[in-house]
file input_9.cif (mmCIF, C-alpha atoms)
data_target
loop_
_atom_site.group_PDB
_atom_site.id
_atom_site.type_symbol
_atom_site.label_atom_id
_atom_site.label_comp_id
_atom_site.auth_asym_id
_atom_site.auth_seq_id
_atom_site.Cartn_x
_atom_site.Cartn_y
_atom_site.Cartn_z
ATOM 1 C CA MET A 219 -19.870 7.771 -14.105
ATOM 2 C CA ALA A 220 -17.332 9.353 -11.817
ATOM 3 C CA ILE A 221 -16.811 6.459 -9.416
ATOM 4 C CA LEU A 222 -14.755 4.126 -11.569
ATOM 5 C CA LEU A 223 -13.584 1.698 -8.911
ATOM 6 C CA CYS A 224 -15.261 0.647 -5.675
ATOM 7 C CA ARG A 225 -12.890 -1.646 -3.856
ATOM 8 C CA VAL A 226 -12.508 -3.630 -0.653
ATOM 9 C CA ASP A 227 -8.799 -3.768 0.151
ATOM 10 C CA ASP A 228 -7.266 -4.089 3.615
ATOM 11 C CA ARG A 229 -4.169 -2.227 2.414
ATOM 12 C CA LEU A 230 -6.352 0.754 1.416
ATOM 13 C CA ILE A 231 -4.177 3.211 -0.550
ATOM 14 C CA HIS A 232 -1.200 1.243 -1.902
ATOM 15 C CA GLY A 233 0.741 0.350 -5.031
ATOM 16 C CA GLN A 234 -1.931 -1.671 -6.833
ATOM 17 C CA VAL A 235 -4.512 1.050 -6.302
ATOM 18 C CA VAL A 236 -2.332 4.101 -6.954
ATOM 19 C CA VAL A 237 -0.188 2.732 -9.760
ATOM 20 C CA GLY A 238 -2.070 -0.308 -11.080
ATOM 21 C CA TRP A 239 -5.608 1.068 -11.200
ATOM 22 C CA GLY A 240 -4.867 4.753 -10.716
ATOM 23 C CA ALA A 241 -2.831 5.160 -13.858
ATOM 24 C CA GLN A 242 -5.192 3.090 -16.009
ATOM 25 C CA LEU A 243 -8.360 4.843 -14.819
ATOM 26 C CA ARG A 244 -6.697 8.270 -14.566
ATOM 27 C CA LEU A 245 -8.031 8.727 -11.064
ATOM 28 C CA ALA A 246 -8.246 12.245 -9.647
ATOM 29 C CA PHE A 247 -9.214 11.142 -6.147
ATOM 30 C CA ILE A 248 -9.273 8.160 -3.849
ATOM 31 C CA ALA A 249 -11.951 8.281 -1.161
ATOM 32 C CA VAL A 250 -11.224 6.096 1.842
ATOM 33 C CA ILE A 251 -14.455 5.333 3.693
ATOM 34 C CA ASP A 252 -13.428 4.435 7.213
ATOM 35 C CA ASP A 253 -14.914 5.622 10.517
ATOM 36 C CA GLU A 254 -11.609 5.250 12.376
ATOM 37 C CA LEU A 255 -9.295 6.778 9.762
ATOM 38 C CA SER A 256 -11.621 9.698 9.144
ATOM 39 C CA ASP A 257 -10.870 10.746 12.708
ATOM 40 C CA SER A 258 -7.096 10.250 12.639
ATOM 41 C CA GLY A 259 -5.213 13.171 11.129
ATOM 42 C CA TRP A 260 -1.732 11.727 11.509
ATOM 43 C CA GLU A 261 -2.675 8.514 9.723
ATOM 44 C CA GLN A 262 -4.241 10.494 6.903
ATOM 45 C CA ASP A 263 -0.968 12.425 6.585
ATOM 46 C CA LEU A 264 0.913 9.128 6.198
ATOM 47 C CA TYR A 265 -1.269 8.117 3.275
ATOM 48 C CA ARG A 266 -1.159 11.543 1.640
ATOM 49 C CA ALA A 267 2.638 11.717 1.919
ATOM 50 C CA GLY A 268 3.289 9.273 -0.877
ATOM 51 C CA LEU A 269 0.661 10.192 -3.428
ATOM 52 C CA PRO A 270 1.690 11.353 -6.889
ATOM 53 C CA ASP A 271 0.789 14.863 -8.017
ATOM 54 C CA GLY A 272 -2.757 15.136 -9.287
ATOM 55 C CA LEU A 273 -4.153 12.381 -7.078
ATOM 56 C CA GLU A 274 -6.055 13.481 -3.995
ATOM 57 C CA ALA A 275 -6.926 11.355 -0.966
ATOM 58 C CA ARG A 276 -10.171 11.971 0.917
ATOM 59 C CA PHE A 277 -11.046 10.351 4.221
ATOM 60 C CA VAL A 278 -14.655 10.222 5.338
ATOM 61 C CA ASN A 279 -16.818 8.200 7.696
ATOM 62 C CA VAL A 280 -19.766 6.124 6.502
ATOM 63 C CA ASP A 281 -22.409 8.711 7.358
ATOM 64 C CA ASP A 282 -20.612 11.462 5.440
ATOM 65 C CA ALA A 283 -19.899 9.076 2.564
ATOM 66 C CA VAL A 284 -23.605 8.412 2.150
ATOM 67 C CA GLU A 285 -24.061 12.131 1.482
ATOM 68 C CA LEU A 286 -20.950 12.552 -0.640
ATOM 69 C CA ILE A 287 -20.940 9.499 -2.905
ATOM 70 C CA PRO A 288 -23.889 10.695 -5.065
ATOM 71 C CA GLN A 289 -22.135 14.079 -5.453
ATOM 72 C CA TRP A 290 -18.852 12.435 -6.381
ATOM 73 C CA ASN A 291 -20.679 10.207 -8.826
ATOM 74 C CA ASP A 292 -22.197 13.235 -10.551
ATOM 75 C CA SER A 293 -18.924 15.160 -10.736
ATOM 76 C CA ASN A 294 -16.530 15.230 -13.662
ATOM 77 C CA GLU A 295 -13.661 13.822 -11.618
ATOM 78 C CA SER A 296 -12.762 10.151 -11.809
ATOM 79 C CA GLY A 297 -12.557 8.547 -8.419
ATOM 80 C CA CYS A 298 -12.161 5.383 -6.434
ATOM 81 C CA LEU A 299 -13.934 4.332 -3.239
ATOM 82 C CA LEU A 300 -11.965 2.198 -0.809
ATOM 83 C CA THR A 301 -12.958 0.333 2.325
ATOM 84 C CA ARG A 302 -10.648 -1.850 4.365
ATOM 85 C CA ASP A 303 -13.304 -4.466 5.104
ATOM 86 C CA LEU A 304 -16.488 -6.000 3.781
ATOM 87 C CA ALA A 305 -18.669 -4.718 6.624
ATOM 88 C CA THR A 306 -18.041 -1.073 5.721
ATOM 89 C CA MET A 307 -18.820 -1.712 2.056
ATOM 90 C CA ARG A 308 -21.967 -3.601 3.048
ATOM 91 C CA ARG A 309 -23.084 -0.671 5.215
ATOM 92 C CA LEU A 310 -22.712 1.655 2.226
ATOM 93 C CA ALA A 311 -24.594 -0.748 -0.040
ATOM 94 C CA GLU A 312 -27.439 -1.074 2.457
ATOM 95 C CA ARG A 313 -27.860 2.688 2.350
ATOM 96 C CA GLN A 314 -28.274 2.410 -1.404
ATOM 97 C CA VAL A 315 -25.455 4.688 -2.484
ATOM 98 C CA LEU A 316 -23.743 1.954 -4.503
ATOM 99 C CA ASP A 317 -26.620 1.217 -6.850
ATOM 100 C CA GLY A 318 -25.224 0.549 -10.302
ATOM 101 C CA ILE A 319 -21.654 0.374 -9.015
ATOM 102 C CA ASP A 320 -19.731 -2.924 -9.069
ATOM 103 C CA VAL A 321 -17.871 -3.827 -5.884
ATOM 104 C CA ASN A 322 -14.345 -5.040 -6.463
ATOM 105 C CA LEU A 323 -12.701 -7.425 -3.992
ATOM 106 C CA GLY A 324 -9.087 -6.392 -4.370
ATOM 107 C CA GLY A 325 -7.266 -7.626 -1.304
ATOM 108 C CA LEU A 326 -8.123 -9.281 1.987
ATOM 109 C CA HIS A 327 -4.964 -10.924 3.192
ATOM 110 C CA ASP A 328 -4.207 -13.877 5.414
ATOM 111 C CA ALA A 329 -5.108 -13.525 9.074
ATOM 112 C CA PRO A 330 -6.175 -15.894 11.855
ATOM 113 C CA GLY A 331 -9.471 -17.601 11.004
ATOM 114 C CA ARG A 332 -9.248 -16.815 7.309
ATOM 115 C CA GLU A 333 -8.844 -19.352 4.503
ATOM 116 C CA ARG A 334 -7.344 -18.814 1.081
ATOM 117 C CA VAL A 335 -9.817 -18.341 -1.749
ATOM 118 C CA LEU A 336 -7.463 -16.585 -4.168
ATOM 119 C CA PRO A 337 -3.829 -15.506 -3.743
ATOM 120 C CA TYR A 338 -5.038 -12.050 -2.684
ATOM 121 C CA LEU A 339 -8.303 -13.068 -1.058
ATOM 122 C CA PHE A 340 -8.543 -14.844 2.288
ATOM 123 C CA LEU A 341 -11.973 -15.099 3.917
ATOM 124 C CA SER A 342 -13.213 -16.072 7.365
ATOM 125 C CA ASP A 343 -16.725 -17.324 8.153
ATOM 126 C CA ALA A 344 -17.597 -13.784 9.254
ATOM 127 C CA ASP A 345 -16.249 -12.433 5.939
ATOM 128 C CA LEU A 346 -18.401 -14.937 4.027
ATOM 129 C CA GLN A 347 -21.475 -13.804 5.914
ATOM 130 C CA GLU A 348 -20.677 -10.179 5.139
ATOM 131 C CA LEU A 349 -20.145 -11.068 1.484
ATOM 132 C CA ARG A 350 -23.552 -12.710 1.298
ATOM 133 C CA ARG A 351 -25.200 -9.729 2.989
ATOM 134 C CA LEU A 352 -23.408 -7.413 0.565
ATOM 135 C CA SER A 353 -24.562 -9.437 -2.416
ATOM 136 C CA ARG A 354 -28.162 -9.463 -1.158
ATOM 137 C CA THR A 355 -28.242 -5.657 -1.381
ATOM 138 C CA GLY A 356 -28.196 -6.103 -5.145
ATOM 139 C CA VAL A 357 -24.718 -4.818 -5.965
ATOM 140 C CA ARG A 358 -22.572 -6.910 -8.265
ATOM 141 C CA VAL A 359 -19.463 -8.236 -6.559
ATOM 142 C CA ASN A 360 -16.337 -9.561 -8.234
ATOM 143 C CA ALA A 361 -12.724 -10.243 -7.395
ATOM 144 C CA GLN A 362 -9.823 -8.736 -9.336
ATOM 145 C CA ASP A 363 -6.577 -7.500 -7.812
ATOM 146 C CA VAL A 364 -5.078 -5.643 -10.796
ATOM 147 C CA PRO A 365 -6.581 -4.415 -14.083
ATOM 148 C CA SER A 366 -4.867 -7.097 -16.163
ATOM 149 C CA ALA A 367 -6.212 -9.948 -14.002
ATOM 150 C CA ARG A 368 -9.373 -11.874 -14.838
ATOM 151 C CA LYS A 369 -12.500 -10.619 -13.126
ATOM 152 C CA ILE A 370 -14.017 -13.423 -11.044
ATOM 153 C CA GLY A 371 -17.711 -13.240 -10.184
ATOM 154 C CA LEU A 372 -19.157 -14.144 -6.818
ATOM 155 C CA ASP A 373 -20.796 -17.336 -8.107
ATOM 156 C CA GLU A 374 -17.478 -18.614 -9.359
ATOM 157 C CA LEU A 375 -15.795 -17.508 -6.168
ATOM 158 C CA LEU A 376 -18.162 -19.070 -3.664
ATOM 159 C CA GLY A 377 -20.351 -21.379 -5.720
ATOM 160 C CA PRO A 378 -23.724 -20.735 -7.406
ATOM 161 C CA THR A 379 -25.632 -20.797 -4.101
ATOM 162 C CA SER A 380 -23.426 -18.060 -2.675
ATOM 163 C CA THR A 381 -26.230 -15.608 -2.142
ATOM 164 C CA MET B 256 28.021 -4.573 20.959
ATOM 165 C CA ASN B 257 27.597 -3.499 17.353
ATOM 166 C CA LYS B 258 25.831 -0.132 17.246
ATOM 167 C CA ASP B 259 25.941 0.307 13.491
ATOM 168 C CA VAL B 260 22.705 1.490 11.956
ATOM 169 C CA GLN B 261 20.828 -1.383 10.364
ATOM 170 C CA GLY B 262 19.133 -1.257 6.998
ATOM 171 C CA ILE B 263 15.787 -2.908 6.374
ATOM 172 C CA LEU B 264 14.595 -3.262 2.816
ATOM 173 C CA VAL B 265 10.828 -3.676 2.383
ATOM 174 C CA GLY B 266 9.497 -4.230 -1.094
ATOM 175 C CA HIS B 267 6.863 -5.642 -3.375
ATOM 176 C CA GLY B 268 7.240 -9.149 -4.772
ATOM 177 C CA ARG B 269 10.815 -10.347 -4.352
ATOM 178 C CA LEU B 270 12.466 -6.979 -4.759
ATOM 179 C CA ALA B 271 13.969 -6.895 -1.256
ATOM 180 C CA GLU B 272 15.690 -10.258 -1.411
ATOM 181 C CA GLY B 273 16.710 -9.579 -5.022
ATOM 182 C CA MET B 274 18.373 -6.271 -4.172
ATOM 183 C CA LEU B 275 20.180 -7.726 -1.181
ATOM 184 C CA ASN B 276 21.342 -10.554 -3.395
ATOM 185 C CA ALA B 277 22.801 -7.919 -5.732
ATOM 186 C CA VAL B 278 24.471 -6.114 -2.791
ATOM 187 C CA GLU B 279 26.061 -9.377 -1.691
ATOM 188 C CA GLU B 280 27.261 -10.127 -5.204
ATOM 189 C CA ILE B 281 28.955 -6.725 -5.405
ATOM 190 C CA THR B 282 30.341 -6.371 -1.891
ATOM 191 C CA GLY B 283 30.573 -9.960 -0.691
ATOM 192 C CA SER B 284 28.430 -9.120 2.322
ATOM 193 C CA ARG B 285 24.903 -8.253 3.373
ATOM 194 C CA GLU B 286 25.762 -7.642 6.991
ATOM 195 C CA GLY B 287 23.335 -5.305 8.722
ATOM 196 C CA LEU B 288 20.813 -5.487 5.901
ATOM 197 C CA TYR B 289 17.534 -7.344 6.224
ATOM 198 C CA PRO B 290 14.905 -8.051 3.525
ATOM 199 C CA ILE B 291 11.132 -8.138 3.992
ATOM 200 C CA ASP B 292 8.671 -9.014 1.216
ATOM 201 C CA ASN B 293 5.148 -7.675 1.559
ATOM 202 C CA SER B 294 3.544 -10.548 -0.356
ATOM 203 C CA GLY B 295 0.372 -11.853 1.260
ATOM 204 C CA LEU B 296 0.692 -9.719 4.386
ATOM 205 C CA THR B 297 -2.025 -7.550 5.890
ATOM 206 C CA PRO B 298 -0.896 -4.007 6.814
ATOM 207 C CA GLU B 299 -0.860 -5.044 10.486
ATOM 208 C CA ALA B 300 1.222 -8.159 9.805
ATOM 209 C CA LEU B 301 3.685 -6.197 7.675
ATOM 210 C CA GLU B 302 4.134 -3.538 10.364
ATOM 211 C CA GLU B 303 4.592 -6.233 13.019
ATOM 212 C CA ARG B 304 7.197 -8.024 10.892
ATOM 213 C CA LEU B 305 9.022 -4.749 10.347
ATOM 214 C CA SER B 306 8.929 -3.978 14.056
ATOM 215 C CA GLU B 307 10.368 -7.413 14.873
ATOM 216 C CA VAL B 308 13.226 -7.022 12.424
ATOM 217 C CA ALA B 309 13.949 -3.434 13.489
ATOM 218 C CA GLY B 310 14.222 -4.434 17.138
ATOM 219 C CA GLY B 311 15.433 -1.631 19.344
ATOM 220 C CA GLY B 312 18.323 -0.211 17.356
ATOM 221 C CA PRO B 313 18.537 2.727 14.943
ATOM 222 C CA SER B 314 17.326 1.781 11.486
ATOM 223 C CA VAL B 315 16.963 3.050 7.983
ATOM 224 C CA VAL B 316 13.965 1.471 6.264
ATOM 225 C CA PHE B 317 14.304 1.432 2.488
ATOM 226 C CA VAL B 318 11.071 0.959 0.539
ATOM 227 C CA ASP B 319 10.258 0.943 -3.146
ATOM 228 C CA LEU B 320 7.083 2.964 -3.795
ATOM 229 C CA PRO B 321 6.271 6.116 -1.817
ATOM 230 C CA SER B 322 2.560 5.293 -2.054
ATOM 231 C CA GLY B 323 2.811 1.568 -1.407
ATOM 232 C CA SER B 324 1.899 -0.658 1.526
ATOM 233 C CA CYS B 325 5.593 -1.014 2.428
ATOM 234 C CA ALA B 326 5.989 2.754 2.803
ATOM 235 C CA PHE B 327 2.826 3.067 4.875
ATOM 236 C CA ALA B 328 3.883 0.249 7.214
ATOM 237 C CA ALA B 329 7.284 1.918 7.638
ATOM 238 C CA ARG B 330 5.768 5.345 8.284
ATOM 239 C CA ARG B 331 3.342 3.914 10.816
ATOM 240 C CA LEU B 332 6.168 2.280 12.750
ATOM 241 C CA GLN B 333 8.288 5.414 12.419
ATOM 242 C CA HIS B 334 5.466 7.377 14.055
ATOM 243 C CA ARG B 335 6.144 5.457 17.283
ATOM 244 C CA ARG B 336 9.935 5.755 17.151
ATOM 245 C CA THR B 337 12.604 8.426 17.156
ATOM 246 C CA ASP B 338 15.480 6.416 15.690
ATOM 247 C CA MET B 339 14.138 5.441 12.310
ATOM 248 C CA ALA B 340 14.427 6.985 8.860
ATOM 249 C CA VAL B 341 12.299 5.941 5.893
ATOM 250 C CA VAL B 342 13.722 6.185 2.387
ATOM 251 C CA CYS B 343 11.280 5.790 -0.510
ATOM 252 C CA GLY B 344 12.449 4.895 -4.005
ATOM 253 C CA VAL B 345 15.349 2.664 -3.044
ATOM 254 C CA ASN B 346 17.965 1.870 -5.652
ATOM 255 C CA LEU B 347 21.188 -0.099 -5.664
ATOM 256 C CA PRO B 348 23.683 2.828 -5.547
ATOM 257 C CA LEU B 349 21.811 4.240 -2.556
ATOM 258 C CA LEU B 350 21.828 0.903 -0.771
ATOM 259 C CA LEU B 351 25.531 0.391 -1.444
ATOM 260 C CA ASP B 352 26.369 3.859 -0.139
ATOM 261 C CA PHE B 353 24.441 3.079 3.038
ATOM 262 C CA MET B 354 26.193 -0.274 3.346
ATOM 263 C CA PHE B 355 29.599 1.426 3.518
ATOM 264 C CA HIS B 356 28.535 4.121 5.984
ATOM 265 C CA ARG B 357 26.516 2.235 8.568
ATOM 266 C CA SER B 358 28.909 3.249 11.328
ATOM 267 C CA LEU B 359 27.854 6.914 11.008
ATOM 268 C CA THR B 360 25.059 8.226 13.210
ATOM 269 C CA LEU B 361 21.502 8.038 11.908
ATOM 270 C CA ASP B 362 21.458 11.831 11.391
ATOM 271 C CA GLU B 363 24.698 11.690 9.398
ATOM 272 C CA ILE B 364 23.434 8.817 7.292
ATOM 273 C CA VAL B 365 20.186 10.602 6.482
ATOM 274 C CA GLU B 366 22.088 13.721 5.458
ATOM 275 C CA ARG B 367 24.426 11.622 3.327
ATOM 276 C CA LEU B 368 21.612 9.721 1.590
ATOM 277 C CA ARG B 369 19.934 13.004 0.704
ATOM 278 C CA THR B 370 22.929 13.970 -1.418
ATOM 279 C CA HIS B 371 23.719 10.517 -2.774
ATOM 280 C CA ILE B 372 20.399 9.508 -4.223
ATOM 281 C CA GLY B 373 22.024 7.341 -6.861
ATOM 282 C CA VAL B 374 19.976 8.445 -9.831
ATOM 283 C CA SER B 375 21.265 9.989 -13.018
ATOM 284 C CA ILE B 376 19.544 10.468 -16.350
ATOM 285 C CA GLU B 377 21.608 10.535 -19.502
ATOM 286 C CA HIS B 378 19.921 11.313 -22.807
ATOM 287 C CA SER B 379 21.577 10.308 -26.081
ATOM 288 C CA ASN B 380 21.339 13.931 -27.230
ATOM 289 C CA GLY B 381 23.938 14.858 -24.631
ATOM 290 C CA ASP B 382 21.583 16.143 -21.929
ATOM 291 C CA SER B 383 22.580 14.707 -18.610
ATOM 292 C CA ALA B 384 21.192 15.349 -15.188
ATOM 293 C CA VAL B 385 21.557 14.168 -11.664
ATOM 294 C CA PRO B 386 18.173 14.890 -10.067
ATOM 295 C CA GLY B 387 18.367 16.810 -6.829
ATOM 296 C CA ARG B 388 21.701 18.471 -7.569
#
call {"tool": "encode", "arguments": {"input": "input_9.cif", "output": "structure tokens"}}
result
Amino acid sequence: MAILLCRVDDRLIHGQVVVGWGAQLRLAFIAVIDDELSDSGWEQDLYRAGLPDGLEARFVNVDDAVELIPQWNDSNESGCLLTRDLATMRRLAERQVLDGIDVNLGGLHDAPGRERVLPYLFLSDADLQELRRLSRTGVRVNAQDVPSARKIGLDELLGPTST
Amino acid sequence: MNKDVQGILVGHGRLAEGMLNAVEEITGSREGLYPIDNSGLTPEALEERLSEVAGGGPSVVFVDLPSGSCAFAARRLQHRRTDMAVVCGVNLPLLLDFMFHRSLTLDEIVERLRTHIGVSIEHSNGDSAVPGR
């Protein structure tokens, strides 16, 4: 499978993804799925500026991602999908392009209305609703910030009645 | 009014405070240098914190990883300003050189940092190199 990591992380491309996961999984590309960023050339340049050689960043909106994810998954390149929020990942899952792919909760940081669930995971009521909707699409969801950390399943995270 | 260029160090974990602690141990001062840790901060919160610390004066923002959240927050803020330089891959010699030349203009400091990157590699077989020279 070419998509080796499918991650919700409000920092998008950053150290844990590029160095922590990127080196371990030998990623060739990181695909940021974000309607706003896909339309902002200067912000894309900021993210591309710091990438190591051999790692490509792609920025696409949800509609284009629905077309591209199956192609990426069939390619020989190893890649990572990133969304900055749960809603975007849920939209992808509802369009059935994440079947068979685990969703990794890698970083949603503290903000007004959010409560701490893990050191790297803070969730609001709206986030919890999105998480339940995401889980109901059938994808497996777990939390893990870096490869060496323990993978925590949704039941453990939110309780066995989480879905 | 002090118009020296200020240095803001933004890093992962406790790197920023740790490096400024080392600067203070060596020079006896950390004047004009400010640490920010990225721990637990959203990208928006980190950029806001950086903006608060930078204030209105000329600044050099030192960050650790070129592809990290600290670098992206710095570049985003830099996009809105004309008096800010971002240095990725900070190290102690670089920071110390900046510390002693803060009274130069921002342009002069940037030029200086480009030729004083503070890194050398010395192999036991006798091969030595100073990258960038």
call {"tool": "resolve_selection", "arguments": {"input": "input_9.cif", "expression": "the PyMOL selection byres ((chain B) within 10 of (chain A))", "output": "list in words"}}
result
His267, Ser294, Gly295, Leu296, Thr297, Pro298, Glu299, Ala300, Asp319, Leu320, Pro321, Ser322, Gly323, Ser324, Cys325, Ala326, Phe327, Ala328, Ala329, Arg330, Arg331, His334 and Cys343 of chain B
call {"tool": "write_last_selection", "arguments": {"input": "input_9.cif", "atoms": "C-alpha atoms", "output": "compact mmCIF listing (two decimals), in the coordinates of the input"}}
result
# COMPACT_ATOMS: atom_id res chain seq x y z
CA HIS B 267 6.86 -5.64 -3.38
CA SER B 294 3.54 -10.55 -0.36
CA GLY B 295 0.37 -11.85 1.26
CA LEU B 296 0.69 -9.72 4.39
CA THR B 297 -2.02 -7.55 5.89
CA PRO B 298 -0.90 -4.01 6.81
CA GLU B 299 -0.86 -5.04 10.49
CA ALA B 300 1.22 -8.16 9.80
CA ASP B 319 10.26 0.94 -3.15
CA LEU B 320 7.08 2.96 -3.80
CA PRO B 321 6.27 6.12 -1.82
CA SER B 322 2.56 5.29 -2.05
CA GLY B 323 2.81 1.57 -1.41
CA SER B 324 1.90 -0.66 1.53
CA CYS B 325 5.59 -1.01 2.43
CA ALA B 326 5.99 2.75 2.80
CA PHE B 327 2.83 3.07 4.88
CA ALA B 328 3.88 0.25 7.21
CA ALA B 329 7.28 1.92 7.64
CA ARG B 330 5.77 5.34 8.28
CA ARG B 331 3.34 3.91 10.82
CA HIS B 334 5.47 7.38 14.06
CA CYS B 343 11.28 5.79 -0.51
call {"tool": "resolve_selection", "arguments": {"input": "input_9.cif", "expression": "the PyMOL selection byres ((chain A and resi 277) around 7)", "output": "list in words"}}
result
Ala249, Val250, Ile251, Leu255, Ser256, Ala275, Arg276 and Val278 of chain A
call {"tool": "closest_residue", "arguments": {"input": "input_9.cif", "among": "B:Val260, B:Val265, B:Ala384, B:Val342", "to": "Leu361 in chain B", "atoms": "all atoms listed in the file"}}
result
B:Val260
call {"tool": "axis_aligned_box", "arguments": {"input": "input_9.cif", "around": "range 293-311 of chain A", "padding_each_side": "5 Å", "output": "lines of an AutoDock Vina configuration file"}}
result
center_x = -17.6
center_y = 4.6
center_z = -3.5
size_x = 23.9
size_y = 31.2
size_z = 30.3
call {"tool": "residues_around", "arguments": {"input": "input_9.cif", "residues": "range 299-310 of chain A", "least_positions_apart": "4", "cutoff": "9 Å", "atoms": "all atoms listed in the file", "output": "PyMOL selection string"}}
result
chain A and resi 221-231+247-253+280-281+283-284+287+314-316+321+323+325-326+345+348-349+351-353+355
call {"tool": "write_last_selection", "arguments": {"input": "input_9.cif", "atoms": "C-alpha atoms", "output": "PDB file, keeping the file's coordinate frame"}}
result
ATOM      1  CA  ILE A 221     -16.811   6.459  -9.416  1.00  0.00           C
ATOM      2  CA  LEU A 222     -14.755   4.126 -11.569  1.00  0.00           C
ATOM      3  CA  LEU A 223     -13.584   1.698  -8.911  1.00  0.00           C
ATOM      4  CA  CYS A 224     -15.261   0.647  -5.675  1.00  0.00           C
ATOM      5  CA  ARG A 225     -12.890  -1.646  -3.856  1.00  0.00           C
ATOM      6  CA  VAL A 226     -12.508  -3.630  -0.653  1.00  0.00           C
ATOM      7  CA  ASP A 227      -8.799  -3.768   0.151  1.00  0.00           C
ATOM      8  CA  ASP A 228      -7.266  -4.089   3.615  1.00  0.00           C
ATOM      9  CA  ARG A 229      -4.169  -2.227   2.414  1.00  0.00           C
ATOM     10  CA  LEU A 230      -6.352   0.754   1.416  1.00  0.00           C
ATOM     11  CA  ILE A 231      -4.177   3.211  -0.550  1.00  0.00           C
ATOM     12  CA  PHE A 247      -9.214  11.142  -6.147  1.00  0.00           C
ATOM     13  CA  ILE A 248      -9.273   8.160  -3.849  1.00  0.00           C
ATOM     14  CA  ALA A 249     -11.951   8.281  -1.161  1.00  0.00           C
ATOM     15  CA  VAL A 250     -11.224   6.096   1.842  1.00  0.00           C
ATOM     16  CA  ILE A 251     -14.455   5.333   3.693  1.00  0.00           C
ATOM     17  CA  ASP A 252     -13.428   4.435   7.213  1.00  0.00           C
ATOM     18  CA  ASP A 253     -14.914   5.622  10.517  1.00  0.00           C
ATOM     19  CA  VAL A 280     -19.766   6.124   6.502  1.00  0.00           C
ATOM     20  CA  ASP A 281     -22.409   8.711   7.358  1.00  0.00           C
ATOM     21  CA  ALA A 283     -19.899   9.076   2.564  1.00  0.00           C
ATOM     22  CA  VAL A 284     -23.605   8.412   2.150  1.00  0.00           C
ATOM     23  CA  ILE A 287     -20.940   9.499  -2.905  1.00  0.00           C
ATOM     24  CA  GLN A 314     -28.274   2.410  -1.404  1.00  0.00           C
ATOM     25  CA  VAL A 315     -25.455   4.688  -2.484  1.00  0.00           C
ATOM     26  CA  LEU A 316     -23.743   1.954  -4.503  1.00  0.00           C
ATOM     27  CA  VAL A 321     -17.871  -3.827  -5.884  1.00  0.00           C
ATOM     28  CA  LEU A 323     -12.701  -7.425  -3.992  1.00  0.00           C
ATOM     29  CA  GLY A 325      -7.266  -7.626  -1.304  1.00  0.00           C
ATOM     30  CA  LEU A 326      -8.123  -9.281   1.987  1.00  0.00           C
ATOM     31  CA  ASP A 345     -16.249 -12.433   5.939  1.00  0.00           C
ATOM     32  CA  GLU A 348     -20.677 -10.179   5.139  1.00  0.00           C
ATOM     33  CA  LEU A 349     -20.145 -11.068   1.484  1.00  0.00           C
ATOM     34  CA  ARG A 351     -25.200  -9.729   2.989  1.00  0.00           C
ATOM     35  CA  LEU A 352     -23.408  -7.413   0.565  1.00  0.00           C
ATOM     36  CA  SER A 353     -24.562  -9.437  -2.416  1.00  0.00           C
ATOM     37  CA  THR A 355     -28.242  -5.657  -1.381  1.00  0.00           C
TER      38      THR A 355
END
call {"tool": "resolve_selection", "arguments": {"input": "input_9.cif", "expression": "the PyMOL selection byres ((chain B and resi 274) around 9)", "output": "VMD selection string"}}
result
chain B and resid 264 269 to 273 275 to 279 290 346 to 347 350
